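Asker: For reference, the structure I am asking about is given below.
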Protein chains: 4
Amino acid sequence: MAMMRADARRNRARVLDAAETVLARDGLAASMREIAEVAGVGVGTIYRQFPTKEALYQAIVEDRMRRLADRAGELATAEDPGAAFFEYFTTIVADSTMKKVLVDALAVAGIDAKAGSPDIKGAIETLLTRAQRAGAVRGDVGMEELLALLSAACLAAQHHHWDEGLRTRTLAVVFDGLRPARGEAAHV
Amino acid sequence: MAMMRADARRNRARVLDAAETVLARDGLAASMREIAEVAGVGVGTIYRQFPTKEALYQAIVEDRMRRLADRAGELATAEDPGAAFFEYFTTIVADSTMKKVLVDALAVAGIDAKAGSPDIKGAIETLLTRAQRAGAVRGDVGMEELLALLSAACLAAQHHHWDEGLRTRTLAVVFDGLRPARGEAAHV
Amino acid sequence: MAMMRADARRNRARVLDAAETVLARDGLAASMREIAEVAGVGVGTIYRQFPTKEALYQAIVEDRMRRLADRAGELATAEDPGAAFFEYFTTIVADSTMKKVLVDALAVAGIDAKAGSPDIKGAIETLLTRAQRAGAVRGDVGMEELLALLSAACLAAQHHHWDEGLRTRTLAVVFDGLRPARGEAAHV
Amino acid sequence: MAMMRADARRNRARVLDAAETVLARDGLAASMREIAEVAGVGVGTIYRQFPTKEALYQAIVEDRMRRLADRAGELATAEDPGAAFFEYFTTIVADSTMKKVLVDALAVAGIDAKAGSPDIKGAIETLLTRAQRAGAVRGDVGMEELLALLSAACLAAQHHHWDEGLRTRTLAVVFDGLRPARGEAAHV
DNA sequence: TATGAATGAGCGTTCATTCAT
DNA sequence: AATGAATGAACGCTCATTCAT
């Protein structure tokens, strides 16, 4: 049974990988058949793990969210809170570029990530607060607009296939806007 | 024949209007039949004007782009170039929120506006240049990252239904990042 | 438009015919594709007329019911009420044999004919009452058991492909049971 | 190996029971998975005993037929052959009502019982002959029409959920038709 | 031997597109 | 020129059956 489980788990992973790939390529039009073919399994195998197409999409979103939350958790104890904050922002956007269309496709499908499940929101909030205390980010920036900026960058990066140069230059503007004006005191 | 032309033109406009409406309401799932019904014509009539669904979408995008370019043209001679620039940015984003699903739907459909046709790009570039000359925008911001920021804001505004408050606060950060650091000299 | 209607009507009839045929052959397992093929139309054409498979089945039942009611109406003024009554019973059963599996298939599908819509029930009741008044049928036989006998004969005739001989001999028994015992007075 | 056999036999019985239950509840739509779950075995175990779904259905029919034949055997030595005959007829129909959907489902599935295997036919023929000899049933009624009447009553009882009152009144007509006309001599 | 994960043909249904009217 | 009926490929999903464990 443990061996069976191993098979099933491997298939589940293969399906999730294939779904990400196909979703990235075909957007929302991705069909279950196509995903099954790329995964190298029958469509029935997908449906054994995920009762509907939407459930599969949900699983992908949750998968990504969990990974992003994990990364945020790691950075939450970094020495330089400002650097950690901006690095996290950059990494997420860069990641989105690779997995292009994904978040966006999912969002259009109505399976909106709402810019993150509670745990990821909490993780980001920690990074933000620490960065603000360290004086690396303006104190009057709230979570809502931060998530709006993050989401916007991700969406655009995916849509337009931002290359590294463009990403760097564009985020530079955003980061400049996030940094305290000279003279603003850190919370220390 | 002139009469015919008038008929055809009226039909074309009716179809485009209906398509925008239906697309806004149903997103990508909009069907040609639904559009035809809303337009009050038969599906065949749509196909007379637009050979494929994609062509219809393209036409909508171009339509919108032309209107945006027109607005940019008007602002190009405004007295305060900085205000004109930021107003244009804000207006486009606000507009996207209203017509939500549209740009995004089109983008997902692969009919990407590429952040604008030459027309609109030129119009925006004029606004940018004038704002930079007036010292209202940093001189080292290029068209590419400006369009990236604009597109990002539009996409996110649509996806997440930014309300006015969120839009204002989020754009405030972006605009802060776009403004020259104190001490930077205007090009005048 | 009248011409179009003619086309549509012809197709509707073709679909109904094909559906009866295929249902008779394959029972409930009949697929829409098969019906479409037999009808010589695309599946979409069926769906234009009948929004679901169940609606198609319903239409067939109603079609048959209407025809049966019509025949009952004709016999309602026959000179010999007893002969009319037994002829009607026989005819319906014989008809069921030809269209075998149909009623039964529909019944299983949950689209039960309930042994007849109101109008057919009324028509049969007229035949029964007239036959009873003429002393050809026992006065203590009610509509409920009459319909039960009729339905039973139809179902069995379909299931087991009664040939004419078997039908005659079997109905002879039923008819004997329906006739008044000697000495029972007619209502005249 | 004897132990194995016991296991297999128990499984076979469990599957047959489950199949009857599920078939009665879900009609033809019953799935092998559902049957397996109710039986508490894996689907593979069903396939070990019954090579196809149809074979399983066949086995159920044979199972029922055997039980009916057994009952007929018991009644074959009853004191009052006429009463035994009509009781058997009534019992079978009443039984069909309870197990509704079953016979009918099977029949629709094309696994027709042909109104009985040789076994049951023989048993019924004995009852009929004895009843005819006793003068309780007309001598000119043959097996073929008797089975036709029996099958018809069963089918209709299932389809339309005959309650006891309707069953009694309907069978009364049939039984009246089966009884000898006054004056017909018994075969004694 | 028994299990249930995997398979894929097939189902009901939709909809972009064509074409007879 | 305009209509909308017809088409059929493609979709999401189910389930009888097979086979690795």
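Ligands are numbered from 1 in the order shown, chains are lettered A, B, ... in the order of the structure tokens, and residues start at 1 in each chain.
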Show me which bits of chain A are within 6 Å of chain B, counting only C-alpha atoms, as a list of chain:residue names.
Answerer: A:Glu145, A:Ala152, A:Ala153, A:Ala156, A:Thr170, A:Val173, A:Val174, A:Asp176, A:Gly177
Asker: When the cut-off is 10 Å and we count only C-alpha atoms (C1' of nucleotides), which residues of chain B are near chain F, given as a list in words?
Answerer: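 Result: Met4, Asp7, Ala8, Arg33, Val41, Gly42, Val43, Gly44, Thr45, Ile46 and Arg48 of chain B.
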Asker: Any chance you could export the current selection's N, CA, C and O atoms as a PDB file, in the first residue's frame?
Answerer:
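Full text of again27.pdb as output:
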ATOM      1  N   MET B   4     -26.043  51.630 -47.979  1.00  0.00           N
ATOM      2  CA  MET B   4     -25.554  50.332 -47.519  1.00  0.00           C
ATOM      3  C   MET B   4     -24.403  50.520 -46.539  1.00  0.00           C
ATOM      4  O   MET B   4     -24.366  49.969 -45.465  1.00  0.00           O
ATOM      5  N   ASP B   7     -25.501  51.506 -43.260  1.00  0.00           N
ATOM      6  CA  ASP B   7     -26.018  50.327 -42.556  1.00  0.00           C
ATOM      7  C   ASP B   7     -24.893  49.495 -41.970  1.00  0.00           C
ATOM      8  O   ASP B   7     -24.894  49.145 -40.797  1.00  0.00           O
ATOM      9  N   ALA B   8     -23.946  49.210 -42.850  1.00  0.00           N
ATOM     10  CA  ALA B   8     -22.841  48.359 -42.428  1.00  0.00           C
ATOM     11  C   ALA B   8     -22.084  48.996 -41.273  1.00  0.00           C
ATOM     12  O   ALA B   8     -21.719  48.332 -40.303  1.00  0.00           O
ATOM     13  N   ARG B  33     -22.825  33.948 -30.247  1.00  0.00           N
ATOM     14  CA  ARG B  33     -24.283  34.017 -30.270  1.00  0.00           C
ATOM     15  C   ARG B  33     -24.784  35.075 -29.290  1.00  0.00           C
ATOM     16  O   ARG B  33     -25.660  35.876 -29.620  1.00  0.00           O
ATOM     17  N   VAL B  41     -28.338  41.455 -33.928  1.00  0.00           N
ATOM     18  CA  VAL B  41     -28.106  41.004 -35.311  1.00  0.00           C
ATOM     19  C   VAL B  41     -27.925  39.482 -35.305  1.00  0.00           C
ATOM     20  O   VAL B  41     -27.842  38.869 -34.252  1.00  0.00           O
ATOM     21  N   GLY B  42     -27.859  38.895 -36.451  1.00  0.00           N
ATOM     22  CA  GLY B  42     -27.571  37.478 -36.537  1.00  0.00           C
ATOM     23  C   GLY B  42     -26.071  37.238 -36.465  1.00  0.00           C
ATOM     24  O   GLY B  42     -25.285  38.153 -36.707  1.00  0.00           O
ATOM     25  N   VAL B  43     -25.676  36.028 -36.106  1.00  0.00           N
ATOM     26  CA  VAL B  43     -24.242  35.768 -36.019  1.00  0.00           C
ATOM     27  C   VAL B  43     -23.568  35.986 -37.363  1.00  0.00           C
ATOM     28  O   VAL B  43     -22.423  36.441 -37.432  1.00  0.00           O
ATOM     29  N   GLY B  44     -24.271  35.674 -38.409  1.00  0.00           N
ATOM     30  CA  GLY B  44     -23.710  35.847 -39.737  1.00  0.00           C
ATOM     31  C   GLY B  44     -23.271  37.274 -39.999  1.00  0.00           C
ATOM     32  O   GLY B  44     -22.268  37.516 -40.686  1.00  0.00           O
ATOM     33  N   THR B  45     -24.009  38.188 -39.451  1.00  0.00           N
ATOM     34  CA  THR B  45     -23.685  39.598 -39.653  1.00  0.00           C
ATOM     35  C   THR B  45     -22.364  39.969 -38.988  1.00  0.00           C
ATOM     36  O   THR B  45     -21.592  40.778 -39.502  1.00  0.00           O
ATOM     37  N   ILE B  46     -22.103  39.356 -37.845  1.00  0.00           N
ATOM     38  CA  ILE B  46     -20.809  39.602 -37.206  1.00  0.00           C
ATOM     39  C   ILE B  46     -19.704  39.096 -38.112  1.00  0.00           C
ATOM     40  O   ILE B  46     -18.698  39.769 -38.334  1.00  0.00           O
ATOM     41  N   ARG B  48     -19.626  38.798 -41.181  1.00  0.00           N
ATOM     42  CA  ARG B  48     -19.415  39.621 -42.370  1.00  0.00           C
ATOM     43  C   ARG B  48     -18.371  40.697 -42.087  1.00  0.00           C
ATOM     44  O   ARG B  48     -17.555  41.056 -42.935  1.00  0.00           O
TER      45      ARG B  48
END
Asker: Kindly determine which residues of chain E lie within 7 Å of chain A, considering only C-alpha atoms (C1' of nucleotides), and give the answer as a PyMOL selection string.
Answerer: chain E and resi 6-8
Asker: Can you tell me how far atom CA of Met32 of chain D sits from atom CA of Leu16 of chain A, in Å to one decimal?
Answerer: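 The value is 28.6 Å.
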Asker: Go through D:Met143, D:Val137, D:Ile35, D:Ile120 one by one, measure the shortest atom-to-atom distance of each to Lys53 of chain D using only C-alpha atoms, and give the residue with the smallest value.
Answerer: D:Ile35
Asker: Please report the interatomic distance between atom CA of Tyr57 of chain A and atom CA of Pro51 of chain C in Å with one decimal.
Answerer: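 Spanning atom CA of Tyr57 of chain A to atom CA of Pro51 of chain C is a straight-line distance of 29.7 Å.
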Asker: Any idea what's packed within 12 Å of Leu68 of chain B, counting only C-alpha atoms (C1' of nucleotides), ignoring anything in its chain fewer than 6 positions away? Could you give it as a list in words?
Answerer: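 Near neighbours after the sequence-gap exclusion: Val61, Glu62, Glu74, Leu75, Tyr88, Phe89, Thr91, Ile92, Val93, Asp95, Ser96, Ala115, Gly116, Ser117, Asp119, Ile120, Lys121, Gly122, Ala123 and Ile124 of chain B.
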Asker: Since we have the selection now, will you write its residues out, keeping N, CA and C atoms, as an mmCIF file, in the first residue's frame?
Answerer:
data_model
loop_
_atom_site.group_PDB
_atom_site.id
_atom_site.type_symbol
_atom_site.label_atom_id
_atom_site.label_comp_id
_atom_site.auth_asym_id
_atom_site.auth_seq_id
_atom_site.Cartn_x
_atom_site.Cartn_y
_atom_site.Cartn_z
ATOM 1 N N VAL B 61 -9.840 45.888 -29.208
ATOM 2 C CA VAL B 61 -8.610 46.422 -28.634
ATOM 3 C C VAL B 61 -8.196 47.681 -29.377
ATOM 4 N N GLU B 62 -8.216 47.592 -30.692
ATOM 5 C CA GLU B 62 -7.786 48.748 -31.480
ATOM 6 C C GLU B 62 -8.681 49.955 -31.223
ATOM 7 N N GLU B 74 -5.013 64.990 -26.586
ATOM 8 C CA GLU B 74 -5.598 66.182 -25.989
ATOM 9 C C GLU B 74 -4.726 66.730 -24.866
ATOM 10 N N LEU B 75 -4.210 65.780 -24.053
ATOM 11 C CA LEU B 75 -3.417 66.208 -22.891
ATOM 12 C C LEU B 75 -2.022 66.690 -23.286
ATOM 13 N N TYR B 88 -3.160 61.363 -16.884
ATOM 14 C CA TYR B 88 -3.368 60.356 -17.931
ATOM 15 C C TYR B 88 -3.181 58.955 -17.374
ATOM 16 N N PHE B 89 -2.120 58.777 -16.645
ATOM 17 C CA PHE B 89 -1.834 57.471 -16.020
ATOM 18 C C PHE B 89 -3.030 57.035 -15.172
ATOM 19 N N THR B 91 -6.106 58.088 -15.199
ATOM 20 C CA THR B 91 -7.337 57.897 -15.965
ATOM 21 C C THR B 91 -7.371 56.536 -16.656
ATOM 22 N N ILE B 92 -6.258 56.163 -17.223
ATOM 23 C CA ILE B 92 -6.212 54.868 -17.903
ATOM 24 C C ILE B 92 -6.475 53.737 -16.924
ATOM 25 N N VAL B 93 -5.849 53.839 -15.763
ATOM 26 C CA VAL B 93 -6.035 52.773 -14.773
ATOM 27 C C VAL B 93 -7.494 52.744 -14.306
ATOM 28 N N ASP B 95 -10.065 53.757 -15.876
ATOM 29 C CA ASP B 95 -10.857 53.272 -16.988
ATOM 30 C C ASP B 95 -10.808 51.741 -17.070
ATOM 31 N N SER B 96 -9.640 51.210 -16.856
ATOM 32 C CA SER B 96 -9.473 49.757 -16.900
ATOM 33 C C SER B 96 -10.338 49.091 -15.849
ATOM 34 N N ALA B 115 0.983 46.555 -24.834
ATOM 35 C CA ALA B 115 1.074 47.867 -24.174
ATOM 36 C C ALA B 115 0.928 49.010 -25.164
ATOM 37 N N GLY B 116 0.231 48.750 -26.228
ATOM 38 C CA GLY B 116 -0.099 49.874 -27.077
ATOM 39 C C GLY B 116 0.421 49.816 -28.495
ATOM 40 N N SER B 117 -0.375 50.305 -29.400
ATOM 41 C CA SER B 117 0.027 50.401 -30.787
ATOM 42 C C SER B 117 0.975 51.593 -30.933
ATOM 43 N N ASP B 119 0.692 54.349 -32.402
ATOM 44 C CA ASP B 119 -0.068 55.567 -32.117
ATOM 45 C C ASP B 119 -0.013 55.967 -30.665
ATOM 46 N N ILE B 120 -0.507 55.033 -29.857
ATOM 47 C CA ILE B 120 -0.645 55.358 -28.447
ATOM 48 C C ILE B 120 0.722 55.489 -27.808
ATOM 49 N N LYS B 121 1.634 54.660 -28.263
ATOM 50 C CA LYS B 121 2.979 54.751 -27.705
ATOM 51 C C LYS B 121 3.554 56.140 -27.929
ATOM 52 N N GLY B 122 3.367 56.619 -29.139
ATOM 53 C CA GLY B 122 3.884 57.960 -29.455
ATOM 54 C C GLY B 122 3.239 59.017 -28.576
ATOM 55 N N ALA B 123 1.924 58.895 -28.412
ATOM 56 C CA ALA B 123 1.210 59.887 -27.617
ATOM 57 C C ALA B 123 1.702 59.885 -26.177
ATOM 58 N N ILE B 124 1.900 58.677 -25.641
ATOM 59 C CA ILE B 124 2.366 58.583 -24.261
ATOM 60 C C ILE B 124 3.785 59.135 -24.153
#
Asker: Give me, as a ChimeraX atom specification, the residues of chain D that a backbone DSSP run labels alpha helix (DSSP H).
Answerer: /D:2-26,32-39,43-49,53-75,81-98,102-108,118-133,143-160,164-178
Asker: What is the atom CA of Leu127 of chain A-atom CA of Ala76 of chain A distance in Å, reported with one decimal?
Answerer: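 Between these atoms lies a distance of 5.7 Å.
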Asker: Please provide as a JSON list (two decimals) with N, CA and C atoms, in the first residue's frame all residues within 8 Å of segment 77-86 of chain B, with the sequence filter that same-chain residues fewer than 6 positions apart are discarded (counting only C-alpha atoms (C1' of nucleotides)).
Answerer:
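Everything below was put into part-v1.json:
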[["chain", "number", "residue", "atom", "x", "y", "z"],
["B", 127, "LEU", "N", 3.79, 62.76, -23.71],
["B", 127, "LEU", "CA", 3.43, 63.16, -22.35],
["B", 127, "LEU", "C", 4.60, 62.97, -21.40],
["B", 128, "LEU", "N", 5.28, 61.82, -21.56],
["B", 128, "LEU", "CA", 6.42, 61.54, -20.68],
["B", 128, "LEU", "C", 7.52, 62.57, -20.86],
["B", 130, "ARG", "N", 7.45, 65.57, -22.07],
["B", 130, "ARG", "CA", 7.08, 66.89, -21.56],
["B", 130, "ARG", "C", 7.14, 66.93, -20.04],
["B", 131, "ALA", "N", 6.69, 65.86, -19.40],
["B", 131, "ALA", "CA", 6.71, 65.84, -17.93],
["B", 131, "ALA", "C", 8.14, 65.81, -17.42],
["B", 132, "GLN", "N", 9.00, 65.09, -18.12],
["B", 132, "GLN", "CA", 10.40, 65.04, -17.70],
["B", 132, "GLN", "C", 11.06, 66.41, -17.88],
["B", 134, "ALA", "N", 9.64, 69.16, -17.73],
["B", 134, "ALA", "CA", 9.10, 70.07, -16.70],
["B", 134, "ALA", "C", 9.60, 69.70, -15.32],
["B", 135, "GLY", "N", 10.41, 68.64, -15.22],
["B", 135, "GLY", "CA", 10.94, 68.24, -13.91],
["B", 135, "GLY", "C", 9.96, 67.50, -13.05],
["B", 136, "ALA", "N", 8.88, 67.04, -13.63],
["B", 136, "ALA", "CA", 7.86, 66.34, -12.84],
["B", 136, "ALA", "C", 8.11, 64.84, -12.79],
["B", 137, "VAL", "N", 8.93, 64.34, -13.69],
["B", 137, "VAL", "CA", 9.23, 62.90, -13.73],
["B", 137, "VAL", "C", 10.73, 62.74, -13.92],
["B", 175, "PHE", "N", 3.78, 56.74, -8.33],
["B", 175, "PHE", "CA", 4.09, 58.10, -8.76],
["B", 175, "PHE", "C", 5.28, 58.66, -7.98]]
